[in-house]
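Enquirer: Coordinates in run38.cif, mmCIF, C-alpha atoms and all ligand atoms; chains and numbers go by the auth columns, are listed below.
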data_work
loop_
_atom_site.group_PDB
_atom_site.id
_atom_site.type_symbol
_atom_site.label_atom_id
_atom_site.label_comp_id
_atom_site.label_asym_id
_atom_site.label_seq_id
_atom_site.Cartn_x
_atom_site.Cartn_y
_atom_site.Cartn_z
_atom_site.B_iso_or_equiv
_atom_site.auth_seq_id
_atom_site.auth_asym_id
ATOM 1 C CA MET A 1 15.597 7.709 1.487 0.00 1 A
ATOM 2 C CA ALA A 2 15.286 4.626 -0.689 0.00 2 A
ATOM 3 C CA ALA A 3 12.094 4.711 -2.717 0.00 3 A
ATOM 4 C CA LYS A 4 9.718 1.813 -3.200 0.00 4 A
ATOM 5 C CA ILE A 5 7.510 2.349 -6.220 0.00 5 A
ATOM 6 C CA ALA A 6 4.424 0.158 -6.072 0.00 6 A
ATOM 7 C CA PRO A 7 2.081 0.112 -9.067 0.00 7 A
ATOM 8 C CA SER A 8 -1.452 -0.652 -7.882 0.00 8 A
ATOM 9 C CA MET A 9 -2.626 -3.769 -9.705 0.00 9 A
ATOM 10 C CA LEU A 10 -6.211 -2.568 -9.162 0.00 10 A
ATOM 11 C CA SER A 11 -5.684 -0.563 -12.356 0.00 11 A
ATOM 12 C CA SER A 12 -4.318 -3.554 -14.294 0.00 12 A
ATOM 13 C CA ASP A 13 -6.200 -5.982 -16.519 0.00 13 A
ATOM 14 C CA PHE A 14 -7.262 -8.571 -13.920 0.00 14 A
ATOM 15 C CA ALA A 15 -7.849 -11.120 -16.691 0.00 15 A
ATOM 16 C CA ASN A 16 -4.115 -10.970 -17.441 0.00 16 A
ATOM 17 C CA LEU A 17 -2.718 -10.453 -13.973 0.00 17 A
ATOM 18 C CA ALA A 18 0.464 -12.515 -14.393 0.00 18 A
ATOM 19 C CA SER A 19 1.568 -10.707 -17.542 0.00 19 A
ATOM 20 C CA GLU A 20 0.568 -7.320 -16.098 0.00 20 A
ATOM 21 C CA ALA A 21 2.712 -8.055 -13.026 0.00 21 A
ATOM 22 C CA ASP A 22 5.612 -9.075 -15.211 0.00 22 A
ATOM 23 C CA ARG A 23 5.231 -5.921 -17.301 0.00 23 A
ATOM 24 C CA MET A 24 5.370 -3.723 -14.177 0.00 24 A
ATOM 25 C CA VAL A 25 8.489 -5.461 -12.862 0.00 25 A
ATOM 26 C CA LYS A 26 10.156 -4.916 -16.237 0.00 26 A
ATOM 27 C CA CYS A 27 9.115 -1.246 -16.067 0.00 27 A
ATOM 28 C CA GLY A 28 11.048 -0.880 -12.793 0.00 28 A
ATOM 29 C CA ALA A 29 8.434 -1.507 -10.095 0.00 29 A
ATOM 30 C CA ASP A 30 9.900 -2.375 -6.671 0.00 30 A
ATOM 31 C CA TRP A 31 6.676 -3.741 -5.213 0.00 31 A
ATOM 32 C CA LEU A 32 3.280 -4.746 -6.611 0.00 32 A
ATOM 33 C CA HIS A 33 0.464 -3.176 -4.599 0.00 33 A
ATOM 34 C CA MET A 34 -2.476 -5.568 -4.164 0.00 34 A
ATOM 35 C CA ASP A 35 -5.778 -4.024 -3.016 0.00 35 A
ATOM 36 C CA ILE A 36 -7.868 -6.515 -1.075 0.00 36 A
ATOM 37 C CA MET A 37 -11.423 -5.240 -0.436 0.00 37 A
ATOM 38 C CA ASP A 38 -14.305 -7.095 1.190 0.00 38 A
ATOM 39 C CA GLY A 39 -17.334 -5.053 0.054 0.00 39 A
ATOM 40 C CA HIS A 40 -17.952 -4.151 3.709 0.00 40 A
ATOM 41 C CA PHE A 41 -15.072 -2.042 5.048 0.00 41 A
ATOM 42 C CA VAL A 42 -15.231 -0.273 1.669 0.00 42 A
ATOM 43 C CA PRO A 43 -18.032 -0.273 -0.917 0.00 43 A
ATOM 44 C CA ASN A 44 -16.088 -2.346 -3.448 0.00 44 A
ATOM 45 C CA LEU A 45 -15.037 -5.972 -3.774 0.00 45 A
ATOM 46 C CA THR A 46 -11.779 -7.059 -5.363 0.00 46 A
ATOM 47 C CA ILE A 47 -9.525 -10.038 -4.767 0.00 47 A
ATOM 48 C CA GLY A 48 -8.445 -12.290 -1.917 0.00 48 A
ATOM 49 C CA ALA A 49 -5.939 -14.980 -1.017 0.00 49 A
ATOM 50 C CA PRO A 50 -6.773 -17.314 -3.951 0.00 50 A
ATOM 51 C CA VAL A 51 -5.731 -14.663 -6.474 0.00 51 A
ATOM 52 C CA ILE A 52 -2.589 -13.770 -4.505 0.00 52 A
ATOM 53 C CA GLY A 53 -1.719 -17.479 -4.448 0.00 53 A
ATOM 54 C CA SER A 54 -2.223 -17.803 -8.206 0.00 54 A
ATOM 55 C CA LEU A 55 -0.128 -14.718 -8.914 0.00 55 A
ATOM 56 C CA ARG A 56 2.627 -15.938 -6.588 0.00 56 A
ATOM 57 C CA LYS A 57 3.157 -18.932 -8.892 0.00 57 A
ATOM 58 C CA HIS A 58 4.091 -16.509 -11.689 0.00 58 A
ATOM 59 C CA THR A 59 6.213 -13.897 -9.958 0.00 59 A
ATOM 60 C CA LYS A 60 8.883 -13.490 -7.302 0.00 60 A
ATOM 61 C CA ALA A 61 7.928 -9.829 -6.817 0.00 61 A
ATOM 62 C CA TYR A 62 7.202 -8.335 -3.383 0.00 62 A
ATOM 63 C CA LEU A 63 3.400 -8.414 -3.047 0.00 63 A
ATOM 64 C CA ASP A 64 2.405 -5.390 -0.963 0.00 64 A
ATOM 65 C CA CYS A 65 -1.088 -6.328 0.251 0.00 65 A
ATOM 66 C CA HIS A 66 -3.416 -3.545 1.427 0.00 66 A
ATOM 67 C CA LEU A 67 -6.303 -5.008 3.405 0.00 67 A
ATOM 68 C CA MET A 68 -9.437 -2.878 3.181 0.00 68 A
ATOM 69 C CA VAL A 69 -11.451 -5.393 5.178 0.00 69 A
ATOM 70 C CA THR A 70 -13.464 -5.396 8.405 0.00 70 A
ATOM 71 C CA ASN A 71 -11.797 -8.491 9.913 0.00 71 A
ATOM 72 C CA PRO A 72 -8.112 -8.459 8.931 0.00 72 A
ATOM 73 C CA LEU A 73 -7.256 -11.261 11.377 0.00 73 A
ATOM 74 C CA ASP A 74 -9.238 -13.723 9.217 0.00 74 A
ATOM 75 C CA TYR A 75 -6.898 -13.006 6.292 0.00 75 A
ATOM 76 C CA VAL A 76 -3.531 -13.569 7.983 0.00 76 A
ATOM 77 C CA GLU A 77 -3.384 -17.339 7.679 0.00 77 A
ATOM 78 C CA PRO A 78 -4.674 -17.598 4.072 0.00 78 A
ATOM 79 C CA LEU A 79 -2.545 -14.708 2.814 0.00 79 A
ATOM 80 C CA GLY A 80 0.544 -16.071 4.519 0.00 80 A
ATOM 81 C CA LYS A 81 -0.024 -19.418 2.814 0.00 81 A
ATOM 82 C CA ALA A 82 -0.693 -17.693 -0.513 0.00 82 A
ATOM 83 C CA GLY A 83 2.720 -15.995 -0.433 0.00 83 A
ATOM 84 C CA ALA A 84 1.893 -12.380 0.396 0.00 84 A
ATOM 85 C CA SER A 85 4.954 -10.276 1.324 0.00 85 A
ATOM 86 C CA GLY A 86 3.534 -7.245 3.127 0.00 86 A
ATOM 87 C CA PHE A 87 0.278 -7.260 5.115 0.00 87 A
ATOM 88 C CA THR A 88 -1.086 -3.769 5.778 0.00 88 A
ATOM 89 C CA PHE A 89 -4.307 -3.620 7.794 0.00 89 A
ATOM 90 C CA HIS A 90 -6.419 -0.563 8.628 0.00 90 A
ATOM 91 C CA VAL A 91 -6.185 0.952 12.107 0.00 91 A
ATOM 92 C CA GLU A 92 -9.965 1.596 11.952 0.00 92 A
ATOM 93 C CA ALA A 93 -10.527 -2.173 11.658 0.00 93 A
ATOM 94 C CA SER A 94 -8.120 -3.330 14.370 0.00 94 A
ATOM 95 C CA LYS A 95 -8.872 -1.259 17.465 0.00 95 A
ATOM 96 C CA ASP A 96 -9.004 -4.263 19.810 0.00 96 A
ATOM 97 C CA ASN A 97 -6.563 -6.703 18.278 0.00 97 A
ATOM 98 C CA TRP A 98 -3.654 -4.922 16.600 0.00 98 A
ATOM 99 C CA GLN A 99 -1.048 -6.502 18.873 0.00 99 A
ATOM 100 C CA GLU A 100 -2.286 -9.999 18.061 0.00 100 A
ATOM 101 C CA LEU A 101 -2.452 -9.071 14.372 0.00 101 A
ATOM 102 C CA ILE A 102 1.147 -7.832 14.219 0.00 102 A
ATOM 103 C CA GLN A 103 2.380 -10.905 16.024 0.00 103 A
ATOM 104 C CA ARG A 104 0.519 -13.311 13.731 0.00 104 A
ATOM 105 C CA ILE A 105 1.525 -11.467 10.550 0.00 105 A
ATOM 106 C CA LYS A 106 5.188 -11.762 11.542 0.00 106 A
ATOM 107 C CA ALA A 107 4.774 -15.403 12.529 0.00 107 A
ATOM 108 C CA LYS A 108 3.565 -16.070 8.971 0.00 108 A
ATOM 109 C CA GLY A 109 6.688 -14.425 7.568 0.00 109 A
ATOM 110 C CA MET A 110 4.972 -11.260 6.312 0.00 110 A
ATOM 111 C CA ARG A 111 5.869 -7.637 6.969 0.00 111 A
ATOM 112 C CA PRO A 112 3.220 -5.812 9.036 0.00 112 A
ATOM 113 C CA GLY A 113 1.949 -2.352 8.153 0.00 113 A
ATOM 114 C CA VAL A 114 -0.914 -0.150 9.302 0.00 114 A
ATOM 115 C CA ALA A 115 -3.074 2.081 7.082 0.00 115 A
ATOM 116 C CA LEU A 116 -5.305 4.982 7.963 0.00 116 A
ATOM 117 C CA LYS A 117 -8.152 6.737 6.156 0.00 117 A
ATOM 118 C CA PRO A 118 -8.010 10.471 5.392 0.00 118 A
ATOM 119 C CA GLY A 119 -10.305 11.301 8.330 0.00 119 A
ATOM 120 C CA THR A 120 -8.382 9.310 10.940 0.00 120 A
ATOM 121 C CA PRO A 121 -5.950 11.289 13.147 0.00 121 A
ATOM 122 C CA ILE A 122 -2.299 10.297 12.827 0.00 122 A
ATOM 123 C CA GLU A 123 -1.958 9.868 16.613 0.00 123 A
ATOM 124 C CA GLU A 124 -3.955 6.633 16.298 0.00 124 A
ATOM 125 C CA VAL A 125 -1.027 4.808 14.680 0.00 125 A
ATOM 126 C CA TYR A 126 1.696 5.990 17.105 0.00 126 A
ATOM 127 C CA PRO A 127 1.171 3.129 19.592 0.00 127 A
ATOM 128 C CA LEU A 128 1.562 0.607 16.759 0.00 128 A
ATOM 129 C CA VAL A 129 4.860 2.143 15.632 0.00 129 A
ATOM 130 C CA GLU A 130 6.176 2.442 19.183 0.00 130 A
ATOM 131 C CA ASP A 131 5.171 -1.002 20.445 0.00 131 A
ATOM 132 C CA GLU A 132 7.962 -3.448 21.302 0.00 132 A
ATOM 133 C CA ASN A 133 6.603 -5.541 18.414 0.00 133 A
ATOM 134 C CA PRO A 134 5.907 -2.714 15.967 0.00 134 A
ATOM 135 C CA VAL A 135 4.493 -2.305 12.468 0.00 135 A
ATOM 136 C CA GLU A 136 7.225 -1.653 9.904 0.00 136 A
ATOM 137 C CA LEU A 137 5.254 0.604 7.563 0.00 137 A
ATOM 138 C CA VAL A 138 2.519 3.226 7.830 0.00 138 A
ATOM 139 C CA LEU A 139 0.245 3.749 4.827 0.00 139 A
ATOM 140 C CA VAL A 140 -1.334 7.203 4.783 0.00 140 A
ATOM 141 C CA MET A 141 -4.388 7.096 2.496 0.00 141 A
ATOM 142 C CA THR A 142 -4.432 10.140 0.246 0.00 142 A
ATOM 143 C CA VAL A 143 -7.964 9.378 -1.036 0.00 143 A
ATOM 144 C CA GLU A 144 -10.951 7.627 0.561 0.00 144 A
ATOM 145 C CA PRO A 145 -10.208 3.901 0.160 0.00 145 A
ATOM 146 C CA GLY A 146 -12.299 1.884 -2.264 0.00 146 A
ATOM 147 C CA PHE A 147 -11.537 2.928 -5.812 0.00 147 A
ATOM 148 C CA GLY A 148 -8.677 3.845 -8.104 0.00 148 A
ATOM 149 C CA GLY A 149 -8.611 7.022 -10.158 0.00 149 A
ATOM 150 C CA GLN A 150 -9.599 9.509 -7.431 0.00 150 A
ATOM 151 C CA LYS A 151 -8.133 12.941 -6.748 0.00 151 A
ATOM 152 C CA PHE A 152 -5.176 13.296 -4.334 0.00 152 A
ATOM 153 C CA MET A 153 -6.130 15.035 -1.048 0.00 153 A
ATOM 154 C CA PRO A 154 -3.299 17.488 -0.176 0.00 154 A
ATOM 155 C CA GLU A 155 -4.596 17.964 3.382 0.00 155 A
ATOM 156 C CA THR A 156 -3.351 14.438 4.216 0.00 156 A
ATOM 157 C CA MET A 157 0.247 15.676 3.872 0.00 157 A
ATOM 158 C CA ASP A 158 0.199 17.103 7.415 0.00 158 A
ATOM 159 C CA LYS A 159 0.035 13.492 8.626 0.00 159 A
ATOM 160 C CA VAL A 160 2.986 12.438 6.478 0.00 160 A
ATOM 161 C CA ARG A 161 5.042 15.389 7.757 0.00 161 A
ATOM 162 C CA ALA A 162 4.209 14.591 11.385 0.00 162 A
ATOM 163 C CA LEU A 163 5.180 10.933 10.915 0.00 163 A
ATOM 164 C CA ARG A 164 8.448 11.717 9.150 0.00 164 A
ATOM 165 C CA LYS A 165 9.447 14.180 11.861 0.00 165 A
ATOM 166 C CA LYS A 166 8.824 11.618 14.597 0.00 166 A
ATOM 167 C CA TYR A 167 10.227 8.542 12.791 0.00 167 A
ATOM 168 C CA PRO A 168 13.111 9.450 10.439 0.00 168 A
ATOM 169 C CA SER A 169 13.650 5.914 9.121 0.00 169 A
ATOM 170 C CA LEU A 170 10.085 4.561 9.003 0.00 170 A
ATOM 171 C CA ASP A 171 8.647 3.342 5.688 0.00 171 A
ATOM 172 C CA ILE A 172 5.853 5.826 4.956 0.00 172 A
ATOM 173 C CA GLU A 173 3.566 4.846 2.085 0.00 173 A
ATOM 174 C CA VAL A 174 1.065 7.068 0.285 0.00 174 A
ATOM 175 C CA ASP A 175 -1.816 5.677 -1.752 0.00 175 A
ATOM 176 C CA GLY A 176 -4.341 7.418 -3.965 0.00 176 A
ATOM 177 C CA GLY A 177 -4.081 10.008 -6.712 0.00 177 A
ATOM 178 C CA LEU A 178 -0.262 9.840 -6.927 0.00 178 A
ATOM 179 C CA GLY A 179 1.354 10.655 -10.263 0.00 179 A
ATOM 180 C CA PRO A 180 3.669 13.171 -11.928 0.00 180 A
ATOM 181 C CA SER A 181 1.577 16.148 -10.783 0.00 181 A
ATOM 182 C CA THR A 182 1.309 15.178 -7.089 0.00 182 A
ATOM 183 C CA ILE A 183 4.495 13.243 -6.346 0.00 183 A
ATOM 184 C CA ASN A 184 6.608 16.253 -5.394 0.00 184 A
ATOM 185 C CA GLU A 185 4.229 17.280 -2.645 0.00 185 A
ATOM 186 C CA ALA A 186 4.169 13.756 -1.194 0.00 186 A
ATOM 187 C CA ALA A 187 7.934 13.261 -1.496 0.00 187 A
ATOM 188 C CA LYS A 188 8.660 16.619 0.128 0.00 188 A
ATOM 189 C CA ALA A 189 6.355 15.739 3.025 0.00 189 A
ATOM 190 C CA GLY A 190 8.452 12.600 3.618 0.00 190 A
ATOM 191 C CA ALA A 191 6.751 9.682 1.856 0.00 191 A
ATOM 192 C CA ASN A 192 9.143 7.061 0.447 0.00 192 A
ATOM 193 C CA CYS A 193 6.798 4.242 -0.645 0.00 193 A
ATOM 194 C CA ILE A 194 4.607 5.360 -3.508 0.00 194 A
ATOM 195 C CA VAL A 195 1.506 3.539 -4.721 0.00 195 A
ATOM 196 C CA ALA A 196 0.311 4.579 -8.170 0.00 196 A
ATOM 197 C CA GLY A 197 -2.480 2.949 -10.131 0.00 197 A
ATOM 198 C CA SER A 198 -4.103 5.005 -12.848 0.00 198 A
ATOM 199 C CA SER A 199 -1.071 7.255 -13.443 0.00 199 A
ATOM 200 C CA VAL A 200 1.144 4.246 -14.216 0.00 200 A
ATOM 201 C CA PHE A 201 -1.303 1.974 -16.033 0.00 201 A
ATOM 202 C CA GLY A 202 -2.826 4.890 -17.950 0.00 202 A
ATOM 203 C CA ALA A 203 0.555 6.070 -19.232 0.00 203 A
ATOM 204 C CA ALA A 204 1.869 5.348 -22.712 0.00 204 A
ATOM 205 C CA GLU A 205 5.257 4.647 -21.094 0.00 205 A
ATOM 206 C CA PRO A 206 4.753 3.305 -17.551 0.00 206 A
ATOM 207 C CA ALA A 207 8.540 2.932 -17.116 0.00 207 A
ATOM 208 C CA GLU A 208 8.961 6.694 -17.504 0.00 208 A
ATOM 209 C CA VAL A 209 6.332 7.422 -14.859 0.00 209 A
ATOM 210 C CA ILE A 210 7.910 4.914 -12.459 0.00 210 A
ATOM 211 C CA SER A 211 11.348 6.448 -12.905 0.00 211 A
ATOM 212 C CA LEU A 212 9.971 9.971 -12.452 0.00 212 A
ATOM 213 C CA LEU A 213 8.264 8.927 -9.193 0.00 213 A
ATOM 214 C CA ARG A 214 11.518 7.372 -7.978 0.00 214 A
ATOM 215 C CA LYS A 215 13.596 10.443 -8.820 0.00 215 A
ATOM 216 C CA SER A 216 11.215 12.666 -6.943 0.00 216 A
ATOM 217 C CA VAL A 217 11.574 10.588 -3.732 0.00 217 A
ATOM 218 C CA GLU A 218 15.324 10.048 -3.965 0.00 218 A
ATOM 219 C CA GLU A 219 16.501 13.522 -4.885 0.00 219 A
HETATM 220 C C1 LIG B . -7.774 2.751 -3.314 0.00 301 B
HETATM 221 C C2 LIG B . -6.600 1.818 -3.374 0.00 301 B
HETATM 222 C C3 LIG B . -5.484 2.320 -4.190 0.00 301 B
HETATM 223 C C4 LIG B . -5.808 2.609 -5.638 0.00 301 B
HETATM 224 C C5 LIG B . -4.925 3.733 -6.091 0.00 301 B
HETATM 225 O O1 LIG B . -8.642 2.332 -2.319 0.00 301 B
HETATM 226 O O2 LIG B . -6.107 1.581 -2.066 0.00 301 B
HETATM 227 O O3 LIG B . -4.354 1.469 -4.082 0.00 301 B
HETATM 228 O O4 LIG B . -5.653 1.506 -6.487 0.00 301 B
HETATM 229 O O5 LIG B . -5.251 4.072 -7.401 0.00 301 B
HETATM 230 P P1 LIG B . -4.876 5.497 -8.027 0.00 301 B
HETATM 231 O O6 LIG B . -3.390 5.591 -8.061 0.00 301 B
HETATM 232 O O7 LIG B . -5.500 5.436 -9.389 0.00 301 B
HETATM 233 O O8 LIG B . -5.497 6.551 -7.150 0.00 301 B
HETATM 234 ZN ZN ZN B . -4.182 0.501 -1.838 0.00 302 B
#
Can the structure from this file be put into structure tokens for me?

Expert:
Amino acid sequence: MAAKIAPSMLSSDFANLASEADRMVKCGADWLHMDIMDGHFVPNLTIGAPVIGSLRKHTKAYLDCHLMVTNPLDYVEPLGKAGASGFTFHVEASKDNWQELIQRIKAKGMRPGVALKPGTPIEEVYPLVEDENPVELVLVMTVEPGFGGQKFMPETMDKVRALRKKYPSLDIEVDGGLGPSTINEAAKAGANCIVAGSSVFGAAEPAEVISLLRKSVEE
């Protein structure tokens, strides 16, 4: 399956976001993963639509936005205006309104995705993938959301395997603790969209890490 390698800009130098984004694109990134946290759904606060809008003026790259927020619906309009490309909300934060969310995300020209925490059963996302107006990506969190630099949780791979078996052509994204030592396990389980923060930004040669991640998915 085609790989999408998405460096997580959470590990970049936020004071130089435009040049960091440019550097990642030159290193071979397919997408830029943007972690939006509200200090409520997760115990950390990052960026929102104003920063996405500023970055959009400097790059044409696909901005893969991961919404770790309690009220994702409030972010659809501003992120659409700001120029976000993908809008991935958490299933835990959209129990009552996921159909409305998907519809509004698409109406704003963004690609809808759903994410789930390590403790959330995979069955919870099936209705969103099987709906007549479905999500186009499922993000399986491989750490507890909130911070970069945590350890990959191998037990989450059962969920990736179950998804891949059921949906052979679905975009399945993994996020948290991915790097040269964990990529093979995730790729073998069936993930094709790979988020990597500390392993890419902490490397002397990020381009080498990105190409290694890609090879692992595509071989
Ligand atoms: C964590 C974020 C991740 C994070 C990944 O809540 O969703 O995108 O930046 O960072 P690493 O790759 O360092 O685990
Ligand atoms: Zn993320």

Enquirer: As a list of chain:residue names, please: every protein or nucleic acid residue near ligand ZN 302 (chain B) (cut-off 7 Å, counting all atoms listed in the file).

Expert: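 I would give the residues around ligand ZN 302 (chain B) as A:Ser8, A:His33, A:Met34, A:Asp35, A:His66, A:Asp175.
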
Enquirer: So how far away is atom CA of Pro112 of chain A from atom CA of Gly179 of chain A, in Å?

Expert: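 Taking atom CA of Gly179 of chain A as the start and atom CA of Pro112 of chain A as the end point, the length is 25.4 Å.
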
Enquirer: Hey, what comes out of the PyMOL selection byres (((chain A and resi 94) around 12) and not hetatm) on this file? Could you write it as a PyMOL selection string?

Expert: chain A and resi 41+67-74+88-93+95-102+113-116+124-125+128

Enquirer: Residues within 10 Å of ligand LIG 301 (chain B), counting only C-alpha atoms and all ligand atoms: report them as a VMD selection string.

Expert: chain A and resid 6 to 12 33 to 37 42 to 44 65 to 68 115 117 139 141 to 152 174 to 179 194 to 202

Enquirer: Measuring between only C-alpha atoms, which one of A:Met157, A:Ala107, A:Asn133, A:Arg56 shows the shortest distance to Pro121 of chain A?

Expert: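 The shortest atom-to-atom distance to Pro121 of chain A comes from A:Met157.
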
Enquirer: What does the structure give for the distance between atom CA of Val138 of chain A and atom CA of Ile122 of chain A, in Å to one decimal?

Expert: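 Between atom CA of Val138 of chain A and atom CA of Ile122 of chain A the gap works out to 9.9 Å.
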
Enquirer: Just to confirm, what's the straight-line distance from atom CA of Gly83 of chain A to atom CA of Leu63 of chain A in Å (one decimal)?

Expert: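 Pair atom CA of Gly83 of chain A / atom CA of Leu63 of chain A returns 8.0 Å.
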
Enquirer: Quick one: what's the axis-aligned box for segment 31-39 of chain A, all listed atoms, 4 Å on every side, centre and edges in Å to one decimal, as lines of an AutoDock Vina configuration file?

Expert:
center_x = -5.3
center_y = -5.1
center_z = -2.7
size_x = 32.0
size_y = 11.9
size_z = 15.8

Enquirer: Go through the shown structure with the PyMOL selection byres (((chain A and resi 110) around 7) and not hetatm) and write out the matching residues as a compact mmCIF listing (two decimals) with C-alpha atoms, keeping the file's coordinate frame.

Expert:
# COMPACT_ATOMS: atom_id res chain seq x y z
CA GLY A 80 0.54 -16.07 4.52
CA ALA A 84 1.89 -12.38 0.40
CA SER A 85 4.95 -10.28 1.32
CA GLY A 86 3.53 -7.24 3.13
CA PHE A 87 0.28 -7.26 5.12
CA ILE A 105 1.52 -11.47 10.55
CA LYS A 106 5.19 -11.76 11.54
CA LYS A 108 3.56 -16.07 8.97
CA GLY A 109 6.69 -14.42 7.57
CA ARG A 111 5.87 -7.64 6.97
CA PRO A 112 3.22 -5.81 9.04

Enquirer: Could you write segment 176-192 of chain A as a PDB file, in the frame of the given file, with N, CA and C atoms rebuilt where they are missing?

Expert:
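Final output, saved to part-v6.pdb:
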ATOM      1  N   GLY A 176      -3.140   6.772  -3.440  1.00  0.00           N
ATOM      2  CA  GLY A 176      -4.341   7.418  -3.965  1.00  0.00           C
ATOM      3  C   GLY A 176      -4.032   8.737  -4.652  1.00  0.00           C
ATOM      4  N   GLY A 177      -4.248   8.757  -5.961  1.00  0.00           N
ATOM      5  CA  GLY A 177      -4.081  10.008  -6.712  1.00  0.00           C
ATOM      6  C   GLY A 177      -2.634  10.438  -6.904  1.00  0.00           C
ATOM      7  N   LEU A 178      -1.683   9.485  -6.738  1.00  0.00           N
ATOM      8  CA  LEU A 178      -0.262   9.840  -6.927  1.00  0.00           C
ATOM      9  C   LEU A 178       0.123   9.691  -8.395  1.00  0.00           C
ATOM     10  N   GLY A 179       0.874  10.665  -8.877  1.00  0.00           N
ATOM     11  CA  GLY A 179       1.354  10.655 -10.263  1.00  0.00           C
ATOM     12  C   GLY A 179       2.283  11.832 -10.443  1.00  0.00           C
ATOM     13  N   PRO A 180       2.706  12.094 -11.680  1.00  0.00           N
ATOM     14  CA  PRO A 180       3.669  13.171 -11.928  1.00  0.00           C
ATOM     15  C   PRO A 180       3.264  14.531 -11.345  1.00  0.00           C
ATOM     16  N   SER A 181       1.963  14.820 -11.254  1.00  0.00           N
ATOM     17  CA  SER A 181       1.577  16.148 -10.783  1.00  0.00           C
ATOM     18  C   SER A 181       1.459  16.248  -9.258  1.00  0.00           C
ATOM     19  N   THR A 182       1.478  15.122  -8.550  1.00  0.00           N
ATOM     20  CA  THR A 182       1.309  15.178  -7.089  1.00  0.00           C
ATOM     21  C   THR A 182       2.508  14.612  -6.322  1.00  0.00           C
ATOM     22  N   ILE A 183       3.404  13.944  -7.033  1.00  0.00           N
ATOM     23  CA  ILE A 183       4.495  13.243  -6.346  1.00  0.00           C
ATOM     24  C   ILE A 183       5.406  14.178  -5.563  1.00  0.00           C
ATOM     25  N   ASN A 184       5.664  15.370  -6.093  1.00  0.00           N
ATOM     26  CA  ASN A 184       6.608  16.253  -5.394  1.00  0.00           C
ATOM     27  C   ASN A 184       6.103  16.650  -4.014  1.00  0.00           C
ATOM     28  N   GLU A 185       4.816  16.905  -3.935  1.00  0.00           N
ATOM     29  CA  GLU A 185       4.229  17.280  -2.645  1.00  0.00           C
ATOM     30  C   GLU A 185       4.363  16.132  -1.629  1.00  0.00           C
ATOM     31  N   ALA A 186       4.094  14.918  -2.093  1.00  0.00           N
ATOM     32  CA  ALA A 186       4.169  13.756  -1.194  1.00  0.00           C
ATOM     33  C   ALA A 186       5.622  13.453  -0.806  1.00  0.00           C
ATOM     34  N   ALA A 187       6.523  13.553  -1.766  1.00  0.00           N
ATOM     35  CA  ALA A 187       7.934  13.261  -1.496  1.00  0.00           C
ATOM     36  C   ALA A 187       8.506  14.293  -0.532  1.00  0.00           C
ATOM     37  N   LYS A 188       8.167  15.553  -0.751  1.00  0.00           N
ATOM     38  CA  LYS A 188       8.660  16.619   0.128  1.00  0.00           C
ATOM     39  C   LYS A 188       8.148  16.447   1.551  1.00  0.00           C
ATOM     40  N   ALA A 189       6.927  15.956   1.689  1.00  0.00           N
ATOM     41  CA  ALA A 189       6.355  15.739   3.025  1.00  0.00           C
ATOM     42  C   ALA A 189       7.050  14.586   3.747  1.00  0.00           C
ATOM     43  N   GLY A 190       7.699  13.677   2.974  1.00  0.00           N
ATOM     44  CA  GLY A 190       8.452  12.600   3.618  1.00  0.00           C
ATOM     45  C   GLY A 190       8.043  11.188   3.241  1.00  0.00           C
ATOM     46  N   ALA A 191       7.141  11.038   2.274  1.00  0.00           N
ATOM     47  CA  ALA A 191       6.751   9.682   1.856  1.00  0.00           C
ATOM     48  C   ALA A 191       7.868   9.054   1.035  1.00  0.00           C
ATOM     49  N   ASN A 192       8.132   7.758   1.259  1.00  0.00           N
ATOM     50  CA  ASN A 192       9.143   7.061   0.447  1.00  0.00           C
ATOM     51  C   ASN A 192       8.607   5.839  -0.288  1.00  0.00           C
TER      52      ASN A 192
END
